[in-house]
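*Asks:* Handing over final_11.cif, mmCIF, C-alpha atoms.
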```
data_query
loop_
_atom_site.label_atom_id
_atom_site.label_comp_id
_atom_site.auth_asym_id
_atom_site.auth_seq_id
_atom_site.Cartn_x
_atom_site.Cartn_y
_atom_site.Cartn_z
CA TYR A 706 3.80 15.32 -1.07
CA TRP A 707 0.30 15.97 -2.34
CA ARG A 708 -2.90 14.13 -1.40
CA THR A 709 -6.17 14.34 -3.34
CA ILE A 710 -9.37 12.95 -1.83
CA ALA A 711 -12.64 12.78 -3.77
CA TYR A 712 -16.05 11.42 -2.77
CA ASP A 713 -18.53 10.19 -5.37
CA ARG A 714 -21.85 10.22 -3.54
CA VAL A 715 -23.74 8.54 -6.39
CA ASN A 716 -21.48 5.48 -6.42
CA ASP A 717 -20.68 6.01 -2.70
CA VAL A 718 -16.92 5.60 -3.07
CA VAL A 719 -13.93 7.45 -1.65
CA ILE A 720 -10.95 8.00 -3.96
CA ILE A 721 -7.57 8.61 -2.34
CA TYR A 722 -4.57 9.61 -4.44
CA ASP A 723 -1.09 10.34 -3.08
CA ASN A 724 1.82 11.76 -5.08
CA LEU A 725 5.12 11.55 -3.19
CA VAL A 726 8.67 12.56 -4.13
CA SER A 727 11.50 11.77 -1.72
CA THR A 728 14.96 13.30 -1.54
CA ASP A 729 16.33 9.78 -1.01
CA PRO A 730 15.33 7.49 -3.90
CA MET A 731 15.97 4.45 -1.69
CA PHE A 732 13.38 5.53 0.87
CA ARG A 733 10.50 3.02 0.73
CA LYS A 734 7.18 4.85 0.99
CA LYS A 735 4.06 3.30 2.55
CA SER A 736 0.37 4.08 2.55
CA LEU A 737 -1.41 2.97 5.75
CA VAL A 738 -5.04 2.09 6.48
CA HIS A 739 -5.89 1.34 10.13
CA THR A 740 -8.77 -1.00 11.02
CA ILE A 741 -10.44 -2.25 14.19
CA ASP A 742 -10.85 -5.87 13.07
CA LYS A 743 -8.49 -8.00 11.04
CA PRO A 744 -8.57 -7.19 7.30
CA ARG A 745 -8.61 -9.92 4.68
CA ARG A 746 -6.44 -9.78 1.57
CA ILE A 747 -8.17 -10.15 -1.77
CA LYS A 748 -6.78 -10.19 -5.30
CA ASP A 749 -6.75 -6.41 -5.88
CA GLY A 750 -6.72 -5.05 -2.32
CA PHE A 751 -8.34 -5.95 0.97
CA VAL A 752 -11.66 -6.15 2.82
CA THR A 753 -12.38 -5.26 6.44
CA LYS A 754 -15.59 -5.56 8.45
CA VAL A 755 -17.03 -3.95 11.54
CA SER A 756 -19.53 -5.74 13.80
CA ALA A 757 -22.93 -4.38 14.74
CA ASN A 758 -23.58 -3.26 18.30
CA GLU A 759 -26.61 -2.41 20.44
CA ARG A 760 -27.02 1.02 18.86
CA PRO A 761 -29.77 0.93 16.19
CA ASP A 762 -27.65 3.08 13.84
CA ARG A 763 -24.60 0.80 14.11
CA LYS A 764 -25.18 -2.06 11.69
CA ALA A 765 -22.54 -4.53 10.62
CA GLY A 766 -20.50 -2.98 7.83
CA ARG A 767 -17.93 -3.84 5.23
CA LEU A 768 -15.20 -1.79 3.53
CA GLN A 769 -13.55 -2.99 0.34
CA ALA A 770 -10.35 -1.26 -0.73
CA THR A 771 -9.18 -1.60 -4.31
CA VAL A 772 -5.47 -0.81 -4.64
CA LEU A 773 -4.78 0.41 -8.19
CA PHE A 774 -1.38 2.04 -7.77
CA PRO A 775 1.46 1.38 -7.31
CA GLU A 776 1.17 -1.40 -9.84
CA GLU A 777 2.44 -4.70 -8.43
CA ALA A 778 2.13 -3.18 -4.95
CA ASN A 779 3.08 -5.03 -1.79
CA VAL A 780 -0.02 -5.20 0.46
CA MET A 781 0.72 -6.39 4.00
CA VAL A 782 -1.66 -6.98 6.93
CA ILE A 783 -0.02 -6.16 10.28
CA GLY A 784 -1.43 -6.23 13.81
CA GLY A 785 -3.27 -8.30 16.38
CA LYS A 786 -2.53 -8.78 20.05
CA GLY A 787 1.03 -7.74 20.86
CA LEU A 788 1.46 -6.15 17.43
CA ASP A 789 -1.21 -3.45 17.67
CA PHE A 790 1.21 -0.52 17.46
CA LEU A 791 4.16 -2.22 15.79
CA VAL A 792 6.67 0.12 14.11
CA ASP A 793 10.17 -1.01 13.12
CA ASN A 794 9.77 -4.22 15.17
CA ILE A 795 8.77 -2.30 18.34
CA ASN A 796 5.20 -2.42 19.69
CA PHE A 797 4.57 1.09 21.05
CA ASP A 798 1.74 0.16 23.45
CA ASP A 799 3.32 1.86 26.47
CA ASP A 800 3.80 -1.53 28.17
CA GLY A 801 0.09 -2.29 27.98
CA ALA A 802 -1.04 1.09 29.32
CA VAL A 803 -2.85 1.99 26.10
CA TRP A 804 -5.33 -0.87 26.33
CA LYS A 805 -5.72 -0.46 30.11
CA ASN A 806 -6.87 3.11 29.52
CA VAL A 807 -9.23 1.98 26.79
CA LEU A 808 -10.87 -0.59 29.06
CA LYS A 809 -11.41 2.04 31.76
CA ARG A 810 -13.73 3.98 29.45
CA LYS A 811 -17.07 2.21 29.89
CA ASN A 812 -19.20 4.85 28.19
CA ASN A 813 -18.44 5.53 24.55
CA PRO A 814 -14.94 3.98 24.69
CA PRO A 815 -12.37 4.76 22.01
CA GLU A 816 -11.77 2.22 19.27
CA PRO A 817 -8.04 2.11 18.53
CA GLY A 818 -7.17 0.10 15.45
CA ARG A 819 -5.56 -3.22 16.32
CA TRP A 820 -4.70 -3.78 12.66
CA ARG A 821 -3.37 -1.89 9.70
CA VAL A 822 -2.73 -2.50 6.03
CA GLU A 823 0.55 -1.26 4.57
CA VAL A 824 0.71 -0.61 0.83
CA SER A 825 4.17 -0.08 -0.63
CA PRO A 826 5.75 -0.13 -4.10
CA ALA A 827 7.63 -3.20 -5.29
CA ILE A 828 10.86 -1.20 -5.60
CA ALA A 829 12.13 2.00 -3.99
CA GLN A 830 12.29 5.04 -6.26
CA GLU A 831 12.25 8.82 -6.11
CA ARG A 832 8.58 9.28 -7.02
CA ASP A 833 5.68 7.03 -6.05
CA ARG A 834 1.97 7.42 -6.69
CA PHE A 835 -0.72 5.66 -4.69
CA LEU A 836 -4.35 5.30 -5.76
CA MET A 837 -6.95 3.50 -3.67
CA ILE A 838 -10.74 3.21 -4.06
CA LEU A 839 -12.71 2.66 -0.83
CA LYS A 840 -16.25 1.27 -1.05
CA PRO A 841 -18.32 1.04 2.18
CA THR A 842 -21.44 -1.16 2.30
CA ILE A 843 -23.73 -2.82 4.78
CA GLU A 844 -22.41 -6.34 5.39
CA ASN A 845 -23.54 -8.96 2.84
CA ARG A 846 -24.66 -6.25 0.39
CA GLN A 847 -23.03 -6.29 -3.04
CA SER A 848 -21.35 -3.10 -4.16
CA GLY A 849 -22.47 -3.35 -7.79
CA LEU A 850 -19.35 -1.53 -9.01
CA ARG A 851 -16.81 -2.26 -11.71
CA ILE A 852 -13.46 -0.61 -10.98
CA ARG A 853 -10.75 -0.47 -13.63
CA ARG A 854 -7.17 0.85 -13.58
CA LEU A 855 -6.34 3.46 -16.22
CA VAL A 856 -2.91 4.33 -17.59
CA THR A 857 -2.48 6.85 -20.39
CA GLU A 858 0.53 8.65 -21.81
CA LYS A 859 -0.20 11.71 -19.66
CA ALA A 860 -1.97 10.40 -16.54
CA ILE A 861 -2.99 7.52 -14.32
CA GLY A 862 -6.44 6.98 -12.85
CA SER A 863 -9.51 4.83 -12.63
CA GLU A 864 -12.88 4.19 -14.22
CA ILE A 865 -15.66 3.43 -11.74
CA GLU A 866 -18.87 2.12 -13.27
CA GLY A 867 -21.94 1.84 -11.06
CA PRO A 868 -25.65 1.18 -11.62
CA HIS A 869 -26.45 4.85 -12.25
CA ARG A 870 -23.34 6.44 -13.72
CA MET A 871 -19.74 6.03 -14.83
CA LEU A 872 -17.02 8.11 -13.21
CA LYS A 873 -13.56 8.49 -14.72
CA VAL A 874 -10.80 10.16 -12.71
CA LEU A 875 -7.34 10.98 -14.05
CA PHE A 876 -4.33 12.35 -12.18
CA PRO A 877 -1.93 14.06 -14.62
CA ASN A 878 1.77 13.17 -14.63
CA ASN A 879 2.94 16.80 -14.74
CA ARG A 880 0.62 18.68 -12.34
CA GLU A 881 -1.45 18.19 -9.22
CA GLY A 882 -5.22 17.89 -9.03
CA ILE A 883 -7.78 15.73 -10.79
CA LEU A 884 -9.55 15.48 -14.14
CA VAL A 885 -13.11 14.16 -13.84
CA GLU A 886 -15.49 12.75 -16.44
CA ILE A 887 -19.06 11.74 -15.56
CA LYS A 888 -21.44 9.82 -17.83
CA ASP A 889 -25.06 9.06 -16.93
CA LYS A 890 -28.50 8.98 -18.57
CA MET A 891 -28.44 12.79 -18.81
CA GLY A 892 -25.26 12.79 -20.89
CA SER A 893 -21.65 13.48 -20.00
CA LYS A 894 -19.60 16.30 -18.49
CA THR A 895 -15.99 16.94 -17.62
CA LEU A 896 -14.27 18.90 -14.86
CA ASP A 897 -10.68 20.11 -14.77
CA LEU A 898 -9.67 20.49 -11.12
CA THR A 899 -5.93 20.56 -11.68
CA LEU A 900 -3.33 23.05 -10.51
CA GLU A 901 -0.88 24.59 -12.95
CA THR A 902 2.20 24.96 -10.78
CA ASP A 903 3.70 27.59 -13.13
CA ASN A 904 0.60 29.76 -13.03
CA PRO A 905 1.35 32.67 -10.60
CA GLU A 906 -2.32 33.42 -9.92
CA GLN A 907 -3.05 29.81 -9.00
CA LYS A 908 0.10 29.63 -6.87
CA THR A 909 -0.95 32.73 -4.96
CA MET A 910 -4.46 31.34 -4.48
CA TRP A 911 -3.16 28.01 -3.14
CA GLN A 912 -0.63 29.77 -0.88
CA LYS A 913 -3.44 31.80 0.69
CA PHE A 914 -5.56 28.66 1.03
CA ARG A 915 -2.73 26.72 2.70
CA HIS A 916 -2.01 29.69 5.01
CA ALA A 917 -5.69 29.80 6.04
CA LEU A 918 -5.50 26.12 6.97
CA GLY A 919 -2.36 26.68 9.00
CA PHE A 920 0.16 25.06 6.62
#
```
What would the structure in this file look like if it were written as structure tokens?
*Replies:*
Amino acid sequence: YWRTIAYDRVNDVVIIYDNLVSTDPMFRKKSLVHTIDKPRRIKDGFVTKVSANERPDRKAGRLQATVLFPEEANVMVIGGKGLDFLVDNINFDDDGAVWKNVLKRKNNPPEPGRWRVEVSPAIAQERDRFLMILKPTIENRQSGLRIRRLVTEKAIGSEIEGPHRMLKVLFPNNREGILVEIKDKMGSKTLDLTLETDNPEQKTMWQKFRHALGF
């Protein structure tokens, strides 16, 4: 399992890529996104909103998720009262104790997600790859982005075109990491942030990095 997260601060989008290989090809993998309020399905993903509150820095917001991979993905909205913590047909709410504890916290209470979105492939297989683009905005503000799925002979990815620049991200089929191309009024540039798994120096570097993080 390998997850790559990238943030494009010019277009203000979060890119989440997951590459998963299971020992059991029949194991159905899922990517989860938890939300406070009920999400709404749209053609290529889902939208969720958060209400404003009395804090001046807490305006009403909107998050649009574009699901690019798996292709033909199943996108399910699950949750609501009595289904908040539903897993395998059991609602793990500790017989209502979870919400009782939440309501006791008057100052700065926690905000457990009542809802979640489950993204899964159409068929079970040994390897699955998930790619999702998250775009946050103030409610009723247009994102101004054009997001396109990319499939090449050697990689999958996305092209994200905004008002100020175009970002292309590719995730190679045969190694981890990300290939980035940026085009704006200043020209274009590319970045290779991939990991050659057969390169001993890179393997040693990543082993030290993982050890430092406690993995």
*Asks:* With only C-alpha atoms as the counted atoms, please give the residues lying no more than 10 Å from A:Leu773, apart from itself and same-chain residues fewer than 5 positions off, as a ChimeraX atom specification.
*Replies:* /A:722,749-750,778,834-838,852-855,861-863
*Asks:* To one decimal place, how far is atom CA of A:Leu872 from atom CA of A:Met781 in Å?
*Replies:*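 Straight-line distance from atom CA of A:Leu872 to atom CA of A:Met781 works out to 28.7 Å.
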*Asks:* Record the distance separating atom CA of A:Asn758 and atom CA of A:Arg819, expressed in Å with one decimal.
*Replies:* 18.1 Å
*Asks:* Please identify all polymer residues within 7 Å of stretch 885-899 of chain A, counting only C-alpha atoms, omitting same-chain residues fewer than 3 positions from it, and present them as JSON, numbers by chain.
*Replies:* {"A": [869, 870, 871, 872, 873, 874, 875, 880, 881, 882]}
*Asks:* Keeping only C-alpha atoms, take the residues you just selected and write them out as a tab-separated table (two decimals), in the frame of the given file.
*Replies:*
```
chain	number	residue	atom	x	y	z
A	869	HIS	CA	-26.45	4.85	-12.25
A	870	ARG	CA	-23.34	6.44	-13.72
A	871	MET	CA	-19.74	6.03	-14.83
A	872	LEU	CA	-17.02	8.11	-13.21
A	873	LYS	CA	-13.56	8.49	-14.72
A	874	VAL	CA	-10.80	10.16	-12.71
A	875	LEU	CA	-7.34	10.98	-14.05
A	880	ARG	CA	0.62	18.68	-12.34
A	881	GLU	CA	-1.45	18.19	-9.22
A	882	GLY	CA	-5.22	17.89	-9.03
```
*Asks:* Would you kindly translate the PyMOL selection byres ((chain A and resi 827) around 9) into the concrete residues it picks from this file, as number ranges by chain?
*Replies:* A: 775-779, 825-826, 828-829
*Asks:* In terms of the shortest atom-to-atom distance over all atoms listed in the file, which of A:Lys859, A:Ile865, A:Lys734, A:Asn879 is closest to A:Glu823?
*Replies:*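 Distance minimum relative to A:Glu823 lands on A:Lys734.
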*Asks:* Report as a VMD selection string the residues that result from applying the PyMOL selection byres ((chain A and resi 843-848) around 10) to the structure here.
*Replies:* chain A and resid 716 to 718 754 to 757 764 to 769 840 to 842 849 to 851 867 to 868
*Asks:* Determine the residue set returned by the PyMOL selection byres ((chain A and resi 707) around 7) for the present structure, and present it as a short mmCIF file (atom, residue, chain, number, x, y, z; two decimals) with C-alpha atoms, in the coordinates of the input.
*Replies:*
```cif
data_model
loop_
_atom_site.label_atom_id
_atom_site.label_comp_id
_atom_site.auth_asym_id
_atom_site.auth_seq_id
_atom_site.Cartn_x
_atom_site.Cartn_y
_atom_site.Cartn_z
CA TYR A 706 3.80 15.32 -1.07
CA ARG A 708 -2.90 14.13 -1.40
CA THR A 709 -6.17 14.34 -3.34
CA ASP A 723 -1.09 10.34 -3.08
CA ASN A 724 1.82 11.76 -5.08
CA LEU A 725 5.12 11.55 -3.19
#
```
*Asks:* Have a look at atom CA of A:Thr771 and atom CA of A:Pro744 and let me know their distance in Å, one decimal.
*Replies:*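 For atom CA of A:Thr771 relative to atom CA of A:Pro744, the distance reads 12.9 Å.
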*Asks:* Looking at A:Thr857, A:Asn878, A:Ser727, A:Thr740, which one is nearest to A:Phe790, with distances taken over only C-alpha atoms?
*Replies:* A:Thr740
*Asks:* Work out where the centre of an axis-aligned box around every listed atom of stretch 810-822 of chain A lies and how long its edges are once 4 Å is added on each side; give both in Å to one decimal as AutoDock Vina command-line options.
*Replies:*
```
--center_x -11.0 --center_y 0.9 --center_z 18.0 --size_x 24.5 --size_y 17.3 --size_z 31.9
```
*Asks:* Please, which residues are within 8 Å of (12.7, 3.1, -6.6) by the file's coordinates, counting all atoms listed in the file, and could they come as a PyMOL selection string?
*Replies:* chain A and resi 730-733+828-832
*Asks:* Every residue with an atom at most 12 Å from (-10.2, 5.7, 14.3) (file coordinates; all atoms listed in the file) is what I'm after, so could you write them as a PyMOL selection string?
*Replies:* chain A and resi 738-742+814-821
*Asks:* Find the residue from A:Lys811, A:Arg763, A:Lys748, A:Lys743 that sits nearest to A:Leu788; use all atoms listed in the file when measuring.
*Replies:*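 Among the listed residues, A:Lys743 lies closest to A:Leu788.
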